[in-house]
$ cat final_17.cif   # mmCIF, C-alpha atoms and all ligand atoms
data_run
#
loop_
_atom_site.label_atom_id
_atom_site.label_comp_id
_atom_site.auth_asym_id
_atom_site.auth_seq_id
_atom_site.Cartn_x
_atom_site.Cartn_y
_atom_site.Cartn_z
CA MET A 1475 -2.47 -31.55 -22.83
CA MET A 1476 -2.45 -27.89 -22.03
CA GLU A 1477 -1.87 -27.40 -18.30
CA PHE A 1478 -5.13 -25.52 -17.72
CA GLU A 1479 -7.15 -28.41 -19.18
CA GLN A 1480 -5.87 -30.79 -16.54
CA VAL A 1481 -8.36 -31.67 -13.83
CA ILE A 1482 -6.59 -31.89 -10.48
CA ASP A 1483 -8.67 -33.47 -7.76
CA ARG A 1484 -9.06 -30.97 -4.94
CA ASN A 1485 -11.30 -33.17 -2.83
CA GLN A 1486 -9.79 -34.01 0.54
CA SER A 1487 -7.16 -31.31 0.22
CA ASN A 1488 -8.85 -29.09 2.82
CA SER A 1489 -9.97 -26.84 0.01
CA MET A 1490 -12.56 -24.29 1.07
CA LYS A 1491 -14.21 -24.52 -2.35
CA TRP A 1492 -14.31 -28.32 -2.71
CA ASP A 1493 -14.25 -29.74 0.82
CA PHE A 1494 -15.98 -27.14 2.95
CA TYR A 1495 -18.90 -26.03 0.80
CA PRO A 1496 -21.36 -28.31 2.69
CA ASP A 1497 -20.85 -26.13 5.79
CA ARG A 1498 -22.03 -23.16 3.84
CA TYR A 1499 -24.56 -24.61 1.43
CA GLY A 1500 -26.09 -27.34 3.60
CA ALA A 1501 -25.78 -30.04 0.94
CA ASP A 1502 -22.92 -32.33 0.03
CA ASP A 1503 -23.56 -33.20 -3.61
CA LEU A 1504 -22.99 -29.78 -5.17
CA TRP A 1505 -20.60 -28.76 -7.92
CA PRO A 1506 -18.45 -25.96 -6.46
CA MET A 1507 -17.98 -22.82 -8.55
CA TRP A 1508 -18.06 -20.26 -5.77
CA VAL A 1509 -15.12 -18.91 -3.70
CA ALA A 1510 -12.65 -16.91 -5.80
CA ASP A 1511 -9.68 -19.20 -6.21
CA MET A 1512 -8.65 -21.21 -9.25
CA ASP A 1513 -8.64 -24.94 -9.86
CA PHE A 1514 -5.27 -24.52 -11.61
CA GLN A 1515 -1.83 -25.26 -10.20
CA ALA A 1516 0.36 -22.26 -9.55
CA PRO A 1517 3.12 -21.60 -12.13
CA LYS A 1518 5.98 -24.11 -12.12
CA PRO A 1519 8.67 -21.63 -10.99
CA VAL A 1520 6.52 -20.97 -7.91
CA LEU A 1521 6.31 -24.67 -7.07
CA GLN A 1522 10.04 -25.03 -7.54
CA ALA A 1523 10.86 -22.10 -5.31
CA MET A 1524 8.63 -23.49 -2.57
CA GLN A 1525 10.24 -26.92 -2.89
CA GLU A 1526 13.62 -25.34 -2.26
CA VAL A 1527 12.31 -23.90 0.98
CA VAL A 1528 11.08 -27.34 2.03
CA GLU A 1529 14.46 -28.84 1.25
CA HIS A 1530 16.18 -26.22 3.32
CA GLY A 1531 13.85 -27.34 6.06
CA ILE A 1532 14.15 -24.51 8.53
CA PHE A 1533 11.03 -22.44 9.11
CA GLY A 1534 12.18 -20.05 11.79
CA TYR A 1535 11.32 -16.32 11.92
CA HIS A 1536 11.50 -14.75 8.54
CA ARG A 1537 11.51 -11.26 7.01
CA ARG A 1538 10.54 -10.08 3.55
CA PRO A 1539 13.81 -9.43 1.65
CA LYS A 1540 14.65 -6.51 -0.64
CA SER A 1541 14.51 -8.87 -3.62
CA LEU A 1542 10.76 -9.33 -3.04
CA PHE A 1543 10.23 -5.56 -2.96
CA ASP A 1544 12.27 -5.27 -6.17
CA ALA A 1545 10.30 -8.01 -7.93
CA THR A 1546 7.02 -6.40 -6.87
CA THR A 1547 7.85 -2.89 -8.03
CA ALA A 1548 9.25 -4.26 -11.31
CA TRP A 1549 5.97 -6.10 -11.88
CA LEU A 1550 3.89 -2.98 -11.25
CA GLU A 1551 6.05 -1.03 -13.66
CA LYS A 1552 5.83 -3.68 -16.35
CA ARG A 1553 2.12 -4.48 -16.08
CA PHE A 1554 0.67 -1.06 -15.28
CA ASP A 1555 3.42 1.37 -16.20
CA TRP A 1556 3.19 2.31 -12.52
CA ASN A 1557 6.31 3.64 -10.88
CA VAL A 1558 6.22 2.57 -7.23
CA GLU A 1559 9.27 2.81 -4.96
CA ASN A 1560 10.13 -0.02 -2.58
CA ASP A 1561 9.66 2.28 0.39
CA GLN A 1562 6.01 2.92 -0.50
CA ILE A 1563 5.16 -0.74 0.13
CA VAL A 1564 4.07 -2.55 3.28
CA PHE A 1565 3.63 -6.32 3.02
CA THR A 1566 0.58 -7.66 4.83
CA PRO A 1567 -1.11 -11.02 5.41
CA GLY A 1568 -4.17 -10.47 3.19
CA VAL A 1569 -6.09 -7.66 1.53
CA VAL A 1570 -9.13 -7.98 3.78
CA PRO A 1571 -7.15 -7.65 7.03
CA SER A 1572 -5.14 -4.82 5.41
CA ILE A 1573 -8.34 -2.89 4.74
CA SER A 1574 -9.53 -3.51 8.29
CA HIS A 1575 -6.28 -2.04 9.62
CA ILE A 1576 -6.56 0.89 7.23
CA ILE A 1577 -10.07 1.61 8.52
CA GLN A 1578 -8.79 1.44 12.10
CA THR A 1579 -5.79 3.68 11.39
CA PHE A 1580 -7.37 6.40 9.27
CA THR A 1581 -10.97 6.68 10.40
CA GLU A 1582 -12.85 7.03 13.69
CA LYS A 1583 -15.85 5.18 15.04
CA GLU A 1584 -19.05 6.13 13.19
CA ASP A 1585 -17.20 7.74 10.28
CA GLY A 1586 -18.87 7.05 6.94
CA VAL A 1587 -17.23 4.56 4.60
CA ILE A 1588 -18.62 4.34 1.07
CA ILE A 1589 -18.95 1.10 -0.86
CA GLN A 1590 -20.38 0.49 -4.32
CA PRO A 1591 -22.75 -2.45 -4.19
CA PRO A 1592 -23.27 -5.08 -5.36
CA VAL A 1593 -19.74 -5.63 -4.08
CA TYR A 1594 -17.37 -8.16 -2.51
CA TYR A 1595 -19.31 -9.00 0.64
CA PRO A 1596 -16.58 -8.87 3.32
CA PHE A 1597 -16.58 -5.09 2.75
CA TYR A 1598 -19.82 -4.94 4.74
CA ALA A 1599 -18.34 -6.82 7.68
CA LEU A 1600 -15.18 -4.70 7.61
CA ILE A 1601 -17.26 -1.58 8.11
CA HIS A 1602 -19.70 -3.06 10.63
CA ASN A 1603 -17.09 -4.87 12.72
CA ASN A 1604 -15.11 -1.66 13.04
CA GLU A 1605 -18.26 0.25 14.01
CA ARG A 1606 -18.04 2.64 11.07
CA THR A 1607 -21.10 3.82 9.17
CA LEU A 1608 -21.87 2.06 5.92
CA VAL A 1609 -22.61 4.50 3.11
CA ARG A 1610 -23.94 2.95 -0.07
CA ASN A 1611 -23.29 4.23 -3.57
CA PRO A 1612 -24.91 1.50 -5.69
CA LEU A 1613 -23.64 0.95 -9.21
CA LYS A 1614 -25.92 2.24 -11.93
CA GLU A 1615 -27.32 -0.16 -14.49
CA THR A 1616 -27.44 1.35 -17.96
CA GLY A 1617 -28.20 -0.13 -21.38
CA GLN A 1618 -24.44 -0.70 -21.73
CA GLY A 1619 -23.96 -2.42 -18.37
CA PHE A 1620 -22.92 -1.17 -14.95
CA THR A 1621 -21.15 2.05 -14.14
CA ILE A 1622 -20.45 4.33 -11.18
CA ASP A 1623 -23.29 6.65 -10.23
CA LEU A 1624 -21.25 9.84 -9.92
CA GLU A 1625 -24.15 12.09 -8.95
CA ASP A 1626 -25.02 9.83 -6.06
CA LEU A 1627 -21.34 9.45 -5.17
CA GLU A 1628 -21.02 13.21 -4.83
CA GLU A 1629 -23.92 13.25 -2.36
CA LYS A 1630 -22.49 10.32 -0.42
CA MET A 1631 -19.04 11.86 -0.22
CA LYS A 1632 -20.54 14.70 1.78
CA GLN A 1633 -21.22 12.16 4.55
CA ALA A 1634 -18.08 10.06 4.33
CA LYS A 1635 -14.44 9.91 5.31
CA MET A 1636 -13.39 7.07 3.07
CA LEU A 1637 -14.32 5.35 -0.19
CA LEU A 1638 -13.59 1.67 -0.54
CA LEU A 1639 -13.16 1.18 -4.27
CA CYS A 1640 -13.15 -2.28 -5.83
CA SER A 1641 -11.03 -2.03 -8.98
CA PRO A 1642 -11.53 -4.19 -11.02
CA HIS A 1643 -14.96 -4.66 -9.55
CA ASN A 1644 -16.01 -7.95 -8.01
CA PRO A 1645 -18.67 -9.28 -8.80
CA ILE A 1646 -19.61 -7.05 -11.76
CA GLY A 1647 -16.31 -7.60 -13.57
CA ARG A 1648 -15.86 -3.99 -14.61
CA VAL A 1649 -12.37 -2.68 -15.28
CA TRP A 1650 -12.85 1.00 -14.54
CA THR A 1651 -11.76 3.37 -17.28
CA GLU A 1652 -9.45 6.32 -16.89
CA ASP A 1653 -12.45 8.67 -17.20
CA GLU A 1654 -14.39 6.88 -14.48
CA LEU A 1655 -11.41 6.82 -12.11
CA SER A 1656 -10.53 10.46 -12.80
CA ALA A 1657 -14.11 11.48 -12.05
CA VAL A 1658 -13.97 9.61 -8.72
CA ALA A 1659 -10.61 11.23 -7.94
CA GLU A 1660 -12.02 14.67 -8.66
CA LEU A 1661 -14.86 14.14 -6.20
CA ALA A 1662 -12.52 12.68 -3.58
CA GLU A 1663 -10.35 15.77 -3.88
CA LYS A 1664 -13.33 18.10 -3.62
CA TYR A 1665 -14.73 16.40 -0.49
CA ASN A 1666 -11.42 15.33 1.04
CA VAL A 1667 -12.31 11.64 1.07
CA LEU A 1668 -9.60 9.00 1.49
CA VAL A 1669 -9.73 6.47 -1.36
CA VAL A 1670 -8.75 2.91 -0.53
CA SER A 1671 -8.48 1.03 -3.77
CA ASP A 1672 -8.72 -2.75 -3.56
CA GLU A 1673 -6.90 -3.84 -6.70
CA ILE A 1674 -6.48 -7.51 -5.88
CA HIS A 1675 -7.91 -8.41 -9.32
CA ALA A 1676 -5.68 -5.92 -11.17
CA ASP A 1677 -3.79 -8.60 -13.08
CA ILE A 1678 -6.89 -10.46 -14.18
CA VAL A 1679 -7.97 -8.28 -17.03
CA LEU A 1680 -9.65 -9.95 -19.98
CA GLU A 1681 -10.49 -6.82 -21.92
CA GLY A 1682 -9.11 -3.30 -21.62
CA GLN A 1683 -6.34 -2.13 -19.31
CA HIS A 1684 -6.28 -1.86 -15.54
CA ILE A 1685 -5.41 1.64 -14.39
CA PRO A 1686 -4.23 1.94 -10.80
CA PHE A 1687 -6.39 4.50 -9.00
CA ALA A 1688 -3.24 6.15 -7.63
CA LYS A 1689 -2.13 6.80 -11.23
CA ALA A 1690 -5.51 8.14 -12.26
CA ALA A 1691 -5.44 10.45 -9.23
CA ALA A 1692 -1.87 11.68 -9.81
CA GLY A 1693 -1.71 15.45 -9.81
CA LYS A 1694 -4.83 15.75 -7.67
CA GLU A 1695 -4.86 16.25 -3.91
CA VAL A 1696 -6.34 12.87 -3.07
CA GLU A 1697 -5.24 10.62 -0.23
CA THR A 1698 -4.91 7.22 -1.86
CA ILE A 1699 -4.01 3.84 -0.46
CA SER A 1700 -3.83 0.85 -2.81
CA CYS A 1701 -4.13 -2.82 -1.84
CA LEU A 1702 -2.75 -5.51 -4.12
CA ALA A 1703 -1.54 -9.10 -4.01
CA PRO A 1704 -0.26 -11.90 -6.22
CA SER A 1705 -2.86 -14.17 -4.62
CA LYS A 1706 -5.68 -14.02 -7.19
CA THR A 1707 -3.25 -13.70 -10.10
CA PHE A 1708 -1.24 -16.85 -9.38
CA ASN A 1709 -3.63 -18.78 -7.12
CA LEU A 1710 -1.67 -18.25 -3.92
CA ALA A 1711 -4.48 -17.06 -1.63
CA SER A 1712 -3.76 -19.43 1.24
CA LEU A 1713 -0.15 -18.25 1.47
CA GLN A 1714 -1.49 -14.97 2.84
CA LEU A 1715 0.68 -12.38 1.17
CA SER A 1716 -0.58 -9.01 0.05
CA TYR A 1717 0.74 -5.48 0.11
CA VAL A 1718 -0.39 -1.94 0.66
CA ILE A 1719 1.01 0.97 -1.35
CA PHE A 1720 1.14 4.44 0.18
CA GLU A 1721 1.50 7.74 -1.66
CA ASN A 1722 2.15 9.58 1.58
CA LYS A 1723 5.08 8.79 3.87
CA GLU A 1724 3.35 9.98 7.04
CA ALA A 1725 0.35 7.79 6.32
CA LYS A 1726 2.62 4.81 5.80
CA LYS A 1727 4.35 5.43 9.14
CA LYS A 1728 1.04 5.67 10.90
CA TYR A 1729 -0.10 2.42 9.33
CA GLU A 1730 3.12 0.60 10.24
CA SER A 1731 2.80 1.74 13.86
CA HIS A 1732 -0.72 0.37 13.91
CA LEU A 1733 0.44 -3.00 12.56
CA GLN A 1734 3.20 -3.10 15.17
CA ARG A 1735 0.73 -2.45 17.95
CA GLU A 1736 -1.41 -5.30 16.64
CA PHE A 1737 1.62 -7.62 16.26
CA VAL A 1738 0.95 -8.15 12.58
CA GLY A 1739 4.21 -8.90 10.85
CA ILE A 1740 5.31 -12.48 11.14
CA ASP A 1741 6.07 -13.43 7.57
CA ASN A 1742 6.44 -16.88 6.11
CA PRO A 1743 9.14 -17.97 3.69
CA PHE A 1744 6.79 -19.88 1.39
CA ALA A 1745 4.85 -16.75 0.59
CA THR A 1746 8.03 -14.76 -0.01
CA VAL A 1747 9.57 -17.14 -2.52
CA ALA A 1748 6.22 -17.90 -4.18
CA ALA A 1749 5.41 -14.23 -4.72
CA GLU A 1750 8.91 -13.40 -5.89
CA ALA A 1751 9.04 -16.31 -8.35
CA ALA A 1752 5.57 -15.47 -9.63
CA TYR A 1753 6.45 -11.84 -10.26
CA ARG A 1754 9.81 -12.66 -11.82
CA TYR A 1755 8.92 -15.70 -13.90
CA GLY A 1756 5.12 -15.98 -13.98
CA GLU A 1757 4.13 -13.55 -16.70
CA GLU A 1758 3.88 -16.08 -19.51
CA TRP A 1759 1.79 -18.37 -17.30
CA LEU A 1760 -0.48 -15.42 -16.51
CA GLU A 1761 -1.02 -14.63 -20.19
CA GLN A 1762 -1.88 -18.26 -20.91
CA MET A 1763 -4.22 -18.40 -17.92
CA LEU A 1764 -6.00 -15.23 -19.07
CA HIS A 1765 -6.37 -16.69 -22.54
CA TYR A 1766 -7.89 -19.84 -21.06
CA VAL A 1767 -10.24 -18.00 -18.72
CA ARG A 1768 -11.35 -15.74 -21.59
CA SER A 1769 -12.33 -18.83 -23.56
CA ASN A 1770 -14.27 -20.15 -20.55
CA VAL A 1771 -16.11 -16.85 -20.25
CA HIS A 1772 -17.06 -16.99 -23.92
CA ARG A 1773 -18.18 -20.59 -23.56
CA VAL A 1774 -20.47 -19.69 -20.63
CA LYS A 1775 -21.91 -16.72 -22.48
CA ASP A 1776 -22.52 -18.59 -25.74
CA TYR A 1777 -23.90 -21.65 -23.99
CA ILE A 1778 -26.26 -19.82 -21.67
CA GLU A 1779 -27.50 -17.40 -24.30
CA SER A 1780 -28.21 -20.19 -26.79
CA ASN A 1781 -29.74 -22.67 -24.35
CA MET A 1782 -31.16 -20.69 -21.45
CA PRO A 1783 -32.48 -17.50 -23.03
CA GLU A 1784 -34.04 -16.23 -19.81
CA MET A 1785 -30.56 -15.77 -18.34
CA LYS A 1786 -28.08 -13.06 -19.32
CA VAL A 1787 -24.35 -13.26 -18.88
CA ILE A 1788 -22.60 -10.04 -17.94
CA GLU A 1789 -19.30 -10.55 -19.70
CA PRO A 1790 -16.52 -9.57 -17.30
CA GLU A 1791 -13.76 -7.22 -18.45
CA GLY A 1792 -11.80 -8.32 -15.41
CA THR A 1793 -11.77 -11.11 -12.79
CA TYR A 1794 -12.53 -14.77 -13.51
CA LEU A 1795 -16.00 -14.37 -12.03
CA VAL A 1796 -19.07 -14.25 -14.22
CA TRP A 1797 -22.13 -12.33 -13.05
CA ILE A 1798 -25.26 -13.97 -14.39
CA ASP A 1799 -28.60 -12.19 -14.50
CA MET A 1800 -31.40 -14.63 -13.64
CA ARG A 1801 -34.03 -12.00 -12.87
CA GLU A 1802 -36.20 -13.16 -15.76
CA LEU A 1803 -36.70 -16.50 -14.04
CA ASN A 1804 -38.88 -14.50 -11.65
CA MET A 1805 -37.89 -16.34 -8.50
CA GLY A 1806 -37.53 -14.76 -5.08
CA ASN A 1807 -34.12 -14.90 -3.35
CA LYS A 1808 -34.91 -17.97 -1.28
CA GLU A 1809 -36.57 -19.76 -4.17
CA LEU A 1810 -33.61 -19.12 -6.49
CA GLU A 1811 -31.13 -20.27 -3.84
CA LYS A 1812 -33.10 -23.45 -3.28
CA TRP A 1813 -33.39 -24.09 -6.98
CA LEU A 1814 -29.64 -23.67 -7.52
CA ARG A 1815 -28.76 -25.96 -4.62
CA HIS A 1816 -31.41 -28.65 -4.87
CA GLU A 1817 -32.28 -28.70 -8.57
CA ALA A 1818 -29.09 -27.53 -10.28
CA LYS A 1819 -26.90 -28.90 -7.48
CA LEU A 1820 -24.46 -26.06 -7.89
CA ALA A 1821 -22.56 -24.08 -5.29
CA LEU A 1822 -22.49 -20.60 -6.86
CA SER A 1823 -22.24 -17.30 -4.99
CA ASP A 1824 -25.77 -15.98 -4.46
CA GLY A 1825 -26.22 -12.43 -5.71
CA PRO A 1826 -27.81 -11.00 -2.53
CA ILE A 1827 -24.69 -11.67 -0.42
CA PHE A 1828 -23.10 -8.81 -2.40
CA GLY A 1829 -25.91 -6.45 -1.43
CA LYS A 1830 -29.61 -6.15 -2.18
CA GLU A 1831 -28.78 -5.02 -5.74
CA GLY A 1832 -27.57 -8.58 -6.33
CA ALA A 1833 -31.06 -10.05 -6.07
CA GLY A 1834 -31.75 -12.28 -9.06
CA PHE A 1835 -28.06 -12.62 -9.93
CA VAL A 1836 -25.48 -15.31 -9.25
CA ARG A 1837 -21.71 -15.30 -9.53
CA MET A 1838 -20.00 -18.21 -11.24
CA ASN A 1839 -16.26 -18.82 -10.91
CA VAL A 1840 -14.87 -19.96 -14.27
CA ALA A 1841 -11.19 -20.36 -13.31
CA CYS A 1842 -11.36 -24.10 -13.82
CA PRO A 1843 -10.63 -26.70 -16.51
CA ARG A 1844 -13.19 -26.85 -19.30
CA GLU A 1845 -14.39 -30.23 -18.10
CA THR A 1846 -15.28 -28.77 -14.69
CA LEU A 1847 -17.02 -25.85 -16.39
CA GLU A 1848 -19.04 -28.14 -18.65
CA GLU A 1849 -20.31 -30.14 -15.68
CA GLY A 1850 -21.52 -26.90 -14.11
CA LEU A 1851 -23.31 -25.88 -17.31
CA ARG A 1852 -24.86 -29.34 -17.67
CA ARG A 1853 -26.27 -29.15 -14.16
CA LEU A 1854 -27.70 -25.70 -14.80
CA GLN A 1855 -29.24 -26.87 -18.07
CA THR A 1856 -30.89 -29.90 -16.45
CA ALA A 1857 -32.51 -27.76 -13.76
CA TYR A 1858 -33.59 -25.23 -16.40
CA ASP A 1859 -35.16 -27.90 -18.60
CA ASN A 1860 -36.98 -29.47 -15.66
CA LYS A 1861 -38.39 -26.11 -14.71
CA LYS A 1862 -39.99 -25.57 -18.11
C1 LIG B 1 -12.18 -7.58 -4.07
C2 LIG B 1 -11.50 -8.59 -3.18
N1 LIG B 1 -10.74 -8.16 -2.16
C3 LIG B 1 -10.12 -9.03 -1.35
C4 LIG B 1 -10.23 -10.41 -1.53
C5 LIG B 1 -9.56 -11.35 -0.58
O1 LIG B 1 -8.34 -10.89 -0.19
P1 LIG B 1 -7.43 -11.66 0.86
O2 LIG B 1 -7.65 -13.13 0.68
O3 LIG B 1 -6.06 -11.22 0.50
O4 LIG B 1 -7.84 -11.16 2.22
C6 LIG B 1 -11.02 -10.87 -2.58
C7 LIG B 1 -11.19 -12.32 -2.77
O5 LIG B 1 -12.05 -12.78 -3.46
C8 LIG B 1 -11.66 -9.95 -3.43
O6 LIG B 1 -12.42 -10.36 -4.45
#
$ encode --input "final_17.cif" --output "structure tokens" --more "lines below"
Ligand SMILES: Cc1ncc(COP(=O)(O)O)c(C=O)c1O
Amino acid sequence: MMEFEQVIDRNQSNSMKWDFYPDRYGADDLWPMWVADMDFQAPKPVLQAMQEVVEHGIFGYHRRPKSLFDATTAWLEKRFDWNVENDQIVFTPGVVPSISHIIQTFTEKEDGVIIQPPVYYPFYALIHNNERTLVRNPLKETGQGFTIDLEDLEEKMKQAKMLLLCSPHNPIGRVWTEDELSAVAELAEKYNVLVVSDEIHADIVLEGQHIPFAKAAAGKEVETISCLAPSKTFNLASLQLSYVIFENKEAKKKYESHLQREFVGIDNPFATVAAEAAYRYGEEWLEQMLHYVRSNVHRVKDYIESNMPEMKVIEPEGTYLVWIDMRELNMGNKELEKWLRHEAKLALSDGPIFGKEGAGFVRMNVACPRETLEEGLRRLQTAYDNKK
């Protein structure tokens, strides 16, 4: 059996997705397809490397070695033709905390920070918790799907210090093109706006090619900070390893001083060896995983379009998250939520948590074995049929 077909029971493993959804959804008989991790085991070389750490058995203070920097920069070069030097990188314990520290280091209270909703919902809290001003540049829906509203972005940049870009975009699944990124870079240069590019989904591209914002902005006077991680790519989120890439040495120094003041910097050896093994030996696994996820996306699209014609599947170019348009069901937010929980018995991510533009949409995580996916579709179908 192909490894991605294998159903591994995640119940009672303290999994946020499988064990803790009742806290969030208020019901305990749901089928979980929400939080963005995968129901697949990490690549074998990762497991092996972590086992060696267990066998060594000493978990004292640990630092990230040069070999991890080397493996990371080699990966970026190979996957994105992106030439990053080791000394541009700062390892951090998660992309979300990294962005919070970036906001604290490079902006002041009340400064405007632009986001492009509907978007990964912790972005809202990052801005509010740090007492910055949320500036919204909603994505534009066209006949061909979603794109960046550049005219509106230009207006918003006049009131902002920073743009928080989500590239590829969660939950829409867009992989921004070179033209789109260059246009954003041009505006950022014109209005002197810092661009923080969250590229945590960079490796999960199903169609097209991910272009790092820093590459698209090369040659322009744009302050860029990029945030990446092997966590989505290889299903290592709970190991808490991410990294921030700086184009500007002074900015990097400033950021490192901030982290020191906050006492961020205790690293763990499991994350080091897992990330290094993934980057050195995980590429084939990644290609197979992408192939599998692509087939799941197609299955969801074909199934829903043939059997539930009032729903539309926005086929993602990137991420393993499928944005489903249920607006034609004509339910209000609360009604749709209730229907999904109590009739379909599914734990999906409700569209409105990503911003008011998400009303009528849901996000389904398809990084799971086909059997798990089919159960989700069956549940949706039953609720849909009962509604008719
Ligand atoms: C766009 C985006 N950024 C950040 C994260 C989470 O990052 P971390 O777990 O490293 O804080 C996610 C997880 O879904 C995400 O989709």
$ atom_distance --input "final_17.cif" --atom1 "CA of Glu1757 in chain A" --atom2 "CA of Ile1678 in chain A"
11.7 Å
$ closest_atom_pairs --input "final_17.cif" --of "chain A" --to "ligand LIG 1 (chain B)" --cutoff "8 Å" --atoms "only C-alpha atoms and all ligand atoms" --output "JSON lines"
{"residue": "A:Val1509", "atom": "CA", "partner": "B:LIG1", "partner_atom": "O5", "distance": 6.9}
{"residue": "A:Ala1510", "atom": "CA", "partner": "B:LIG1", "partner_atom": "O5", "distance": 4.8}
{"residue": "A:Asp1511", "atom": "CA", "partner": "B:LIG1", "partner_atom": "O5", "distance": 7.4}
{"residue": "A:Pro1567", "atom": "CA", "partner": "B:LIG1", "partner_atom": "O3", "distance": 7.0}
{"residue": "A:Gly1568", "atom": "CA", "partner": "B:LIG1", "partner_atom": "O3", "distance": 3.4}
{"residue": "A:Val1569", "atom": "CA", "partner": "B:LIG1", "partner_atom": "O3", "distance": 3.7}
{"residue": "A:Val1570", "atom": "CA", "partner": "B:LIG1", "partner_atom": "O4", "distance": 3.8}
{"residue": "A:Pro1571", "atom": "CA", "partner": "B:LIG1", "partner_atom": "O4", "distance": 6.0}
{"residue": "A:Ser1572", "atom": "CA", "partner": "B:LIG1", "partner_atom": "O4", "distance": 7.6}
{"residue": "A:Val1593", "atom": "CA", "partner": "B:LIG1", "partner_atom": "C1", "distance": 7.8}
{"residue": "A:Tyr1594", "atom": "CA", "partner": "B:LIG1", "partner_atom": "C1", "distance": 5.5}
{"residue": "A:Pro1596", "atom": "CA", "partner": "B:LIG1", "partner_atom": "C3", "distance": 8.0}
{"residue": "A:Cys1640", "atom": "CA", "partner": "B:LIG1", "partner_atom": "C1", "distance": 5.7}
{"residue": "A:Ser1641", "atom": "CA", "partner": "B:LIG1", "partner_atom": "C1", "distance": 7.5}
{"residue": "A:Pro1642", "atom": "CA", "partner": "B:LIG1", "partner_atom": "C1", "distance": 7.8}
{"residue": "A:His1643", "atom": "CA", "partner": "B:LIG1", "partner_atom": "C1", "distance": 6.8}
{"residue": "A:Asn1644", "atom": "CA", "partner": "B:LIG1", "partner_atom": "C1", "distance": 5.5}
{"residue": "A:Pro1645", "atom": "CA", "partner": "B:LIG1", "partner_atom": "O6", "distance": 7.7}
{"residue": "A:Asp1672", "atom": "CA", "partner": "B:LIG1", "partner_atom": "N1", "distance": 5.9}
{"residue": "A:Glu1673", "atom": "CA", "partner": "B:LIG1", "partner_atom": "C1", "distance": 7.0}
{"residue": "A:Ile1674", "atom": "CA", "partner": "B:LIG1", "partner_atom": "N1", "distance": 5.7}
{"residue": "A:His1675", "atom": "CA", "partner": "B:LIG1", "partner_atom": "C1", "distance": 6.8}
{"residue": "A:Ala1703", "atom": "CA", "partner": "B:LIG1", "partner_atom": "O3", "distance": 6.7}
{"residue": "A:Ser1705", "atom": "CA", "partner": "B:LIG1", "partner_atom": "O3", "distance": 6.7}
{"residue": "A:Lys1706", "atom": "CA", "partner": "B:LIG1", "partner_atom": "C7", "distance": 7.3}
{"residue": "A:Ala1711", "atom": "CA", "partner": "B:LIG1", "partner_atom": "O2", "distance": 5.6}
{"residue": "A:Ser1712", "atom": "CA", "partner": "B:LIG1", "partner_atom": "O2", "distance": 7.4}
{"residue": "A:Gln1714", "atom": "CA", "partner": "B:LIG1", "partner_atom": "O3", "distance": 6.4}
{"residue": "A:Leu1715", "atom": "CA", "partner": "B:LIG1", "partner_atom": "O3", "distance": 6.9}
{"residue": "A:Ser1716", "atom": "CA", "partner": "B:LIG1", "partner_atom": "O3", "distance": 5.9}
$ closest_residue --input "final_17.cif" --among "A:His1816, A:Lys1727, A:Arg1844, A:Lys1540" --to "Tyr1499 in chain A" --atoms "all atoms listed in the file"
A:His1816
$ closest_residue --input "final_17.cif" --among "A:Trp1508, A:Phe1494, A:Tyr1665, A:Phe1514" --to "Cys1842 in chain A" --atoms "all atoms listed in the file"
A:Phe1514
$ residues_around --input "final_17.cif" --residues "range 1849-1851 of chain A" --least-positions-apart "3" --cutoff "10 Å" --atoms "all atoms listed in the file" --output "list of chain:residue names"
A:Leu1504, A:Trp1505, A:Pro1506, A:Met1507, A:Arg1773, A:Val1774, A:Tyr1777, A:Ile1778, A:Ala1818, A:Lys1819, A:Leu1820, A:Ala1821, A:Leu1822, A:Met1838, A:Val1840, A:Arg1844, A:Glu1845, A:Thr1846, A:Leu1854, A:Gln1855, A:Thr1856
$ axis_aligned_box --input "final_17.cif" --around "range 1718-1729 of chain A" --padding-each-side "6 Å" --output "lines of an AutoDock Vina configuration file"
center_x = 2.3
center_y = 4.0
center_z = 4.6
size_x = 17.5
size_y = 23.9
size_z = 24.6
$ residues_around --input "final_17.cif" --residues "Ser1656 in chain A" --least-positions-apart "6" --cutoff "9 Å" --atoms "all atoms listed in the file" --output "ChimeraX atom specification"
/A:1687,1690-1691
$ closest_residue --input "final_17.cif" --among "A:Arg1498, A:Arg1735, A:Arg1538, A:His1530" --to "Val1747 in chain A" --atoms "only C-alpha atoms"
A:Arg1538
$ closest_residue --input "final_17.cif" --among "A:Leu1814, A:Gly1825, A:Lys1830, A:Glu1628" --to "Ala1857 in chain A" --atoms "all atoms listed in the file"
A:Leu1814
$ atom_distance --input "final_17.cif" --atom1 "CA of Thr1547 in chain A" --atom2 "CA of Ala1662 in chain A"
26.0 Å
